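Trainee: Following this line is entry_22.txt, made up of compact mmCIF, N, CA and C atoms and all ligand atoms:
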# COMPACT_ATOMS: atom_id res chain seq x y z
N MET A 113 -38.42 16.46 -47.27
CA MET A 113 -37.23 15.76 -46.77
C MET A 113 -37.37 14.25 -46.98
N ASN A 114 -36.33 13.65 -47.48
CA ASN A 114 -36.27 12.19 -47.65
C ASN A 114 -36.47 11.50 -46.28
N ILE A 115 -37.23 10.40 -46.28
CA ILE A 115 -37.57 9.77 -44.99
C ILE A 115 -36.32 9.27 -44.25
N ALA A 116 -35.28 8.89 -44.99
CA ALA A 116 -34.06 8.41 -44.34
C ALA A 116 -33.27 9.54 -43.70
N GLU A 117 -33.59 10.77 -44.10
CA GLU A 117 -32.87 11.93 -43.55
C GLU A 117 -33.48 12.46 -42.26
N ILE A 118 -34.73 11.99 -41.95
CA ILE A 118 -35.43 12.54 -40.79
C ILE A 118 -34.66 12.22 -39.50
N GLY A 119 -34.37 13.24 -38.74
CA GLY A 119 -33.70 13.05 -37.45
C GLY A 119 -32.21 12.85 -37.55
N LYS A 120 -31.67 12.75 -38.77
CA LYS A 120 -30.24 12.46 -38.92
C LYS A 120 -29.33 13.50 -38.25
N PRO A 121 -29.67 14.81 -38.33
CA PRO A 121 -28.76 15.79 -37.72
C PRO A 121 -28.58 15.59 -36.22
N THR A 122 -29.61 15.07 -35.53
CA THR A 122 -29.51 14.92 -34.07
C THR A 122 -29.32 13.47 -33.65
N ARG A 123 -29.42 12.50 -34.57
CA ARG A 123 -29.45 11.10 -34.18
C ARG A 123 -28.19 10.67 -33.42
N PHE A 124 -27.01 10.99 -33.97
CA PHE A 124 -25.77 10.64 -33.30
C PHE A 124 -24.92 11.89 -33.07
N GLY A 125 -25.61 13.02 -32.83
CA GLY A 125 -24.90 14.28 -32.62
C GLY A 125 -24.13 14.31 -31.32
N PRO A 126 -23.52 15.43 -31.00
CA PRO A 126 -22.67 15.53 -29.82
C PRO A 126 -23.40 15.28 -28.51
N ASP A 127 -24.74 15.46 -28.51
CA ASP A 127 -25.51 15.28 -27.27
C ASP A 127 -26.16 13.91 -27.20
N TRP A 128 -25.87 13.05 -28.17
CA TRP A 128 -26.47 11.71 -28.17
C TRP A 128 -26.06 10.98 -26.89
N PRO A 129 -27.01 10.44 -26.10
CA PRO A 129 -26.67 9.89 -24.79
C PRO A 129 -26.18 8.44 -24.81
N GLY A 130 -26.18 7.81 -26.00
CA GLY A 130 -25.86 6.38 -26.05
C GLY A 130 -24.39 6.05 -25.90
N GLN A 131 -24.10 4.76 -26.01
CA GLN A 131 -22.74 4.23 -25.85
C GLN A 131 -21.95 4.48 -27.13
N ARG A 132 -20.81 5.18 -27.01
CA ARG A 132 -19.92 5.39 -28.15
C ARG A 132 -18.89 4.26 -28.19
N CYS A 133 -18.30 4.08 -29.38
CA CYS A 133 -17.27 3.05 -29.54
C CYS A 133 -16.04 3.43 -28.72
N GLY A 134 -15.45 4.58 -28.98
CA GLY A 134 -14.33 5.05 -28.18
C GLY A 134 -13.00 4.41 -28.49
N ALA A 135 -12.94 3.47 -29.46
CA ALA A 135 -11.67 2.84 -29.81
C ALA A 135 -10.72 3.91 -30.38
N THR A 136 -9.43 3.71 -30.19
CA THR A 136 -8.46 4.64 -30.75
C THR A 136 -8.38 4.42 -32.25
N THR A 137 -8.62 5.49 -33.00
CA THR A 137 -8.60 5.37 -34.45
C THR A 137 -7.17 5.51 -34.96
N ARG A 138 -7.00 5.33 -36.28
CA ARG A 138 -5.66 5.44 -36.85
C ARG A 138 -5.12 6.86 -36.72
N SER A 139 -6.01 7.85 -36.58
CA SER A 139 -5.53 9.22 -36.40
C SER A 139 -5.33 9.55 -34.92
N GLY A 140 -5.60 8.58 -34.04
CA GLY A 140 -5.33 8.77 -32.61
C GLY A 140 -6.49 9.30 -31.80
N THR A 141 -7.58 9.67 -32.45
CA THR A 141 -8.74 10.20 -31.73
C THR A 141 -9.69 9.06 -31.40
N PRO A 142 -10.56 9.23 -30.38
CA PRO A 142 -11.53 8.17 -30.06
C PRO A 142 -12.57 8.05 -31.17
N CYS A 143 -12.94 6.82 -31.50
CA CYS A 143 -13.98 6.58 -32.51
C CYS A 143 -15.31 7.12 -31.99
N LYS A 144 -16.05 7.82 -32.83
CA LYS A 144 -17.30 8.45 -32.40
C LYS A 144 -18.53 7.67 -32.82
N LYS A 145 -18.33 6.55 -33.53
CA LYS A 145 -19.47 5.76 -33.97
C LYS A 145 -20.21 5.17 -32.76
N ALA A 146 -21.49 4.90 -32.95
CA ALA A 146 -22.26 4.24 -31.89
C ALA A 146 -21.78 2.80 -31.76
N ALA A 147 -21.68 2.31 -30.52
CA ALA A 147 -21.30 0.92 -30.31
C ALA A 147 -22.45 0.01 -30.71
N LEU A 148 -22.15 -1.25 -31.03
CA LEU A 148 -23.22 -2.21 -31.35
C LEU A 148 -24.04 -2.47 -30.09
N LYS A 149 -25.30 -2.87 -30.28
CA LYS A 149 -26.20 -3.10 -29.14
C LYS A 149 -25.58 -4.12 -28.18
N GLY A 150 -25.51 -3.76 -26.90
CA GLY A 150 -25.00 -4.68 -25.90
C GLY A 150 -23.50 -4.85 -25.94
N ARG A 151 -22.81 -4.03 -26.71
CA ARG A 151 -21.36 -4.16 -26.84
C ARG A 151 -20.70 -2.81 -26.64
N ALA A 152 -19.37 -2.83 -26.49
CA ALA A 152 -18.65 -1.59 -26.20
C ALA A 152 -18.02 -0.98 -27.44
N ARG A 153 -18.00 -1.73 -28.58
CA ARG A 153 -17.31 -1.25 -29.77
C ARG A 153 -18.24 -1.27 -30.98
N CYS A 154 -17.89 -0.42 -31.97
CA CYS A 154 -18.64 -0.41 -33.22
C CYS A 154 -18.20 -1.60 -34.08
N ARG A 155 -18.88 -1.82 -35.22
CA ARG A 155 -18.55 -2.99 -36.04
C ARG A 155 -17.20 -2.85 -36.70
N ASN A 156 -16.66 -1.62 -36.78
CA ASN A 156 -15.34 -1.43 -37.37
C ASN A 156 -14.22 -1.74 -36.38
N HIS A 157 -14.56 -1.76 -35.10
CA HIS A 157 -13.51 -1.89 -34.08
C HIS A 157 -13.72 -3.10 -33.18
N GLY A 158 -14.20 -4.17 -33.75
CA GLY A 158 -14.26 -5.42 -33.01
C GLY A 158 -15.55 -5.67 -32.27
N GLY A 159 -16.60 -4.88 -32.53
CA GLY A 159 -17.87 -5.09 -31.85
C GLY A 159 -18.49 -6.43 -32.16
N CYS A 160 -18.17 -7.00 -33.32
CA CYS A 160 -18.72 -8.30 -33.71
C CYS A 160 -17.87 -9.45 -33.19
N ALA A 161 -16.68 -9.16 -32.66
CA ALA A 161 -15.76 -10.22 -32.23
C ALA A 161 -16.36 -10.99 -31.06
N THR A 162 -16.15 -12.29 -31.03
CA THR A 162 -16.71 -13.14 -29.98
C THR A 162 -15.63 -13.71 -29.08
N GLY A 163 -14.37 -13.25 -29.23
CA GLY A 163 -13.30 -13.73 -28.36
C GLY A 163 -12.69 -15.03 -28.85
N PRO A 164 -11.64 -15.50 -28.17
CA PRO A 164 -10.96 -16.71 -28.60
C PRO A 164 -11.86 -17.93 -28.45
N ARG A 165 -11.89 -18.80 -29.46
CA ARG A 165 -12.76 -19.97 -29.44
C ARG A 165 -12.02 -21.23 -28.99
N THR A 166 -10.81 -21.44 -29.53
CA THR A 166 -10.09 -22.68 -29.24
C THR A 166 -9.37 -22.58 -27.91
N GLU A 167 -9.03 -23.72 -27.35
CA GLU A 167 -8.31 -23.76 -26.07
C GLU A 167 -6.96 -23.08 -26.22
N ALA A 168 -6.29 -23.33 -27.38
CA ALA A 168 -4.98 -22.70 -27.61
C ALA A 168 -5.12 -21.19 -27.70
N GLY A 169 -6.17 -20.73 -28.36
CA GLY A 169 -6.40 -19.30 -28.48
C GLY A 169 -6.67 -18.66 -27.13
N ARG A 170 -7.49 -19.34 -26.32
CA ARG A 170 -7.80 -18.82 -24.99
C ARG A 170 -6.53 -18.73 -24.15
N ALA A 171 -5.67 -19.74 -24.24
CA ALA A 171 -4.41 -19.74 -23.49
C ALA A 171 -3.51 -18.60 -23.96
N ARG A 172 -3.48 -18.36 -25.29
CA ARG A 172 -2.63 -17.31 -25.83
C ARG A 172 -3.09 -15.94 -25.33
N ILE A 173 -4.42 -15.71 -25.29
CA ILE A 173 -4.94 -14.43 -24.82
C ILE A 173 -4.66 -14.26 -23.32
N ALA A 174 -4.85 -15.34 -22.56
CA ALA A 174 -4.60 -15.28 -21.12
C ALA A 174 -3.14 -14.92 -20.87
N ALA A 175 -2.22 -15.52 -21.65
CA ALA A 175 -0.79 -15.22 -21.49
C ALA A 175 -0.50 -13.77 -21.85
N ALA A 176 -1.19 -13.26 -22.88
CA ALA A 176 -0.95 -11.88 -23.30
C ALA A 176 -1.48 -10.90 -22.26
N GLN A 177 -2.54 -11.28 -21.54
CA GLN A 177 -3.14 -10.39 -20.53
C GLN A 177 -2.38 -10.41 -19.22
N LEU A 178 -1.60 -11.47 -18.99
CA LEU A 178 -0.89 -11.63 -17.71
C LEU A 178 0.23 -10.60 -17.62
N LYS A 179 0.24 -9.79 -16.53
CA LYS A 179 1.26 -8.76 -16.40
C LYS A 179 2.44 -9.25 -15.56
N HIS A 180 2.17 -9.71 -14.34
CA HIS A 180 3.26 -10.15 -13.48
C HIS A 180 2.93 -11.44 -12.74
N GLY A 181 1.65 -11.84 -12.71
CA GLY A 181 1.26 -13.10 -12.09
C GLY A 181 1.14 -13.06 -10.58
N ARG A 182 1.27 -11.89 -9.96
CA ARG A 182 1.19 -11.83 -8.50
C ARG A 182 -0.23 -12.05 -8.00
N LEU A 183 -1.22 -11.85 -8.83
CA LEU A 183 -2.61 -11.96 -8.39
C LEU A 183 -3.33 -13.13 -9.05
N THR A 184 -2.58 -14.10 -9.56
CA THR A 184 -3.23 -15.27 -10.14
C THR A 184 -3.87 -16.08 -9.03
N LYS A 185 -4.81 -16.97 -9.41
CA LYS A 185 -5.52 -17.79 -8.43
C LYS A 185 -4.52 -18.57 -7.56
N GLU A 186 -3.47 -19.12 -8.21
CA GLU A 186 -2.50 -19.92 -7.48
C GLU A 186 -1.75 -19.08 -6.45
N LYS A 187 -1.31 -17.88 -6.86
CA LYS A 187 -0.55 -17.02 -5.94
C LYS A 187 -1.40 -16.58 -4.77
N ARG A 188 -2.70 -16.30 -5.03
CA ARG A 188 -3.56 -15.85 -3.93
C ARG A 188 -3.82 -16.99 -2.97
N GLU A 189 -3.98 -18.23 -3.51
CA GLU A 189 -4.16 -19.39 -2.63
C GLU A 189 -2.93 -19.57 -1.75
N GLU A 190 -1.74 -19.42 -2.37
CA GLU A 190 -0.48 -19.55 -1.65
C GLU A 190 -0.39 -18.51 -0.53
N ALA A 191 -0.76 -17.25 -0.83
CA ALA A 191 -0.72 -16.19 0.17
C ALA A 191 -1.68 -16.49 1.32
N LYS A 192 -2.88 -17.02 1.00
CA LYS A 192 -3.84 -17.38 2.05
C LYS A 192 -3.28 -18.48 2.94
N ARG A 193 -2.63 -19.48 2.29
CA ARG A 193 -2.06 -20.60 3.05
C ARG A 193 -0.99 -20.08 4.01
N ARG A 194 -0.11 -19.18 3.50
CA ARG A 194 0.94 -18.62 4.35
C ARG A 194 0.36 -17.81 5.50
N ALA A 195 -0.69 -17.02 5.22
CA ALA A 195 -1.31 -16.23 6.27
C ALA A 195 -1.88 -17.14 7.36
N GLU A 196 -2.47 -18.27 6.92
CA GLU A 196 -3.05 -19.22 7.87
C GLU A 196 -1.94 -19.81 8.75
N ILE A 197 -0.79 -20.15 8.13
CA ILE A 197 0.35 -20.68 8.91
C ILE A 197 0.79 -19.65 9.94
N GLY A 198 0.86 -18.37 9.54
CA GLY A 198 1.24 -17.30 10.46
C GLY A 198 0.28 -17.22 11.64
N ARG A 199 -1.04 -17.33 11.34
CA ARG A 199 -2.04 -17.27 12.42
C ARG A 199 -1.86 -18.45 13.38
N GLU A 200 -1.60 -19.64 12.82
CA GLU A 200 -1.41 -20.82 13.68
C GLU A 200 -0.20 -20.63 14.58
N ILE A 201 0.91 -20.11 14.01
CA ILE A 201 2.14 -19.91 14.81
C ILE A 201 1.89 -18.90 15.92
N ARG A 202 1.20 -17.80 15.59
CA ARG A 202 0.95 -16.78 16.61
C ARG A 202 0.03 -17.31 17.71
N ALA A 203 -0.97 -18.14 17.32
CA ALA A 203 -1.86 -18.72 18.33
C ALA A 203 -1.07 -19.64 19.25
N GLU A 204 -0.18 -20.43 18.65
CA GLU A 204 0.67 -21.34 19.43
C GLU A 204 1.54 -20.55 20.41
N LEU A 205 2.14 -19.45 19.93
CA LEU A 205 2.98 -18.62 20.81
C LEU A 205 2.17 -18.02 21.95
N ARG A 206 0.91 -17.61 21.64
CA ARG A 206 0.05 -17.07 22.72
C ARG A 206 -0.21 -18.14 23.77
N ASP A 207 -0.47 -19.38 23.30
CA ASP A 207 -0.70 -20.48 24.24
C ASP A 207 0.52 -20.70 25.12
N ILE A 208 1.70 -20.72 24.49
CA ILE A 208 2.94 -20.95 25.23
C ILE A 208 3.17 -19.83 26.25
N GLU A 209 2.91 -18.57 25.81
CA GLU A 209 3.09 -17.44 26.72
C GLU A 209 2.15 -17.57 27.91
N GLY A 210 0.87 -17.95 27.63
CA GLY A 210 -0.10 -18.10 28.71
C GLY A 210 0.34 -19.16 29.70
N LEU A 211 0.84 -20.29 29.15
CA LEU A 211 1.32 -21.39 30.01
C LEU A 211 2.51 -20.94 30.85
N ALA A 212 3.46 -20.23 30.20
CA ALA A 212 4.66 -19.76 30.91
C ALA A 212 4.29 -18.77 32.00
N LEU A 213 3.31 -17.92 31.73
CA LEU A 213 2.87 -16.96 32.76
C LEU A 213 2.18 -17.70 33.91
N ALA A 214 1.35 -18.70 33.56
CA ALA A 214 0.60 -19.44 34.58
C ALA A 214 1.54 -20.22 35.49
N ARG A 215 2.64 -20.75 34.91
CA ARG A 215 3.57 -21.56 35.70
C ARG A 215 4.66 -20.73 36.36
N GLY A 216 4.66 -19.41 36.09
CA GLY A 216 5.65 -18.55 36.73
C GLY A 216 7.00 -18.55 36.04
N TRP A 217 7.08 -19.12 34.79
CA TRP A 217 8.37 -19.08 34.06
C TRP A 217 8.61 -17.70 33.48
N LEU A 218 7.51 -16.96 33.31
CA LEU A 218 7.60 -15.58 32.82
C LEU A 218 6.83 -14.71 33.79
N ARG A 219 7.37 -13.50 34.04
CA ARG A 219 6.62 -12.58 34.87
C ARG A 219 5.73 -11.72 33.98
N PRO A 220 4.54 -11.29 34.51
CA PRO A 220 3.72 -10.37 33.72
C PRO A 220 4.52 -9.12 33.36
N GLY A 221 4.34 -8.64 32.17
CA GLY A 221 5.09 -7.47 31.72
C GLY A 221 6.48 -7.83 31.25
N TRP A 222 6.73 -9.09 30.93
CA TRP A 222 8.05 -9.54 30.50
C TRP A 222 8.50 -8.87 29.21
N ARG A 223 7.50 -8.39 28.40
CA ARG A 223 7.88 -7.77 27.12
C ARG A 223 8.69 -6.50 27.32
N GLN A 224 8.53 -5.85 28.50
CA GLN A 224 9.27 -4.61 28.77
C GLN A 224 10.77 -4.84 28.76
N TRP A 225 11.20 -6.07 29.03
CA TRP A 225 12.64 -6.37 29.00
C TRP A 225 13.21 -6.12 27.61
N PHE A 226 12.31 -6.24 26.61
CA PHE A 226 12.79 -6.07 25.23
C PHE A 226 12.44 -4.70 24.69
N GLY A 227 12.08 -3.78 25.62
CA GLY A 227 11.80 -2.41 25.21
C GLY A 227 10.47 -2.24 24.50
N GLU A 228 9.56 -3.25 24.67
CA GLU A 228 8.26 -3.11 24.02
C GLU A 228 7.21 -2.59 24.98
N GLU A 229 6.15 -2.03 24.42
CA GLU A 229 5.04 -1.53 25.24
C GLU A 229 4.25 -2.71 25.81
N THR A 230 3.38 -2.44 26.73
CA THR A 230 2.51 -3.38 27.46
C THR A 230 3.25 -4.36 28.34
ZN ZN B 301 -15.36 2.29 -33.59
Could you express the structure from this file as structure tokens?
Mentor:
Amino acid sequence: MNIAEIGKPTRFGPDWPGQRCGATTRSGTPCKKAALKGRARCRNHGGCATGPRTEAGRARIAAAQLKHGRLTKEKREEAKRRAEIGREIRAELRDIEGLALARGWLRPGWRQWFGEET
């Protein structure tokens, strides 16, 4: 047997435990080639690609990846800020309620007037 042929039948056979490329081929099936070391794709399917290099390229890819923008850093900061405002308002209302109860402007159990529990 030629030395290059040794082990070939089992090297990348169906039971090979390594990382497969898995990219969708032109025939629609997953690519069965081994992925490049430390990468998820074979050399035919972008395994050598290093991503966008220029600032314009990076911006273009980011825009292409953006689906709806609800979870961008800015939106999440905005949601946190709003939640904090809500907490401040509720704390203020608790303080006012406590003061009103202490001064007798509200009777304990006043929420029952509005059909609420407690
Ligand atoms: Zn591939």
Trainee: Enumerate residues in contact with ligand ZN 301 (chain B): an atom-to-atom distance of at most 7 Å, counting only C-alpha atoms and all ligand atoms. Format the result as a PyMOL selection string.
Mentor: chain A and resi 133-135+143-145+147+153-157
Trainee: What is the distance between atom N of Ala175 of chain A and atom C of Gly163 of chain A, in Å to one decimal?
Mentor: 12.7 Å
Trainee: Assign secondary structure with DSSP using the backbone only, and return the residues of chain A in strand (DSSP E or B) as an MDAnalysis selection string.
Mentor: chainID A and resid 132 136 142 146
Trainee: So how many Å separate atom CA of Arg182 of chain A and atom C of Arg202 of chain A, to one decimal?
Mentor: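 Calculated distance between atom CA of Arg182 of chain A and atom C of Arg202 of chain A is 26.8 Å.
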Trainee: Please measure the separation of atom CA of Pro142 of chain A and atom CA of Arg123 of chain A, giving the value in Å to one decimal.
Mentor: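 Atom CA of Pro142 of chain A sits 18.6 Å away from atom CA of Arg123 of chain A.
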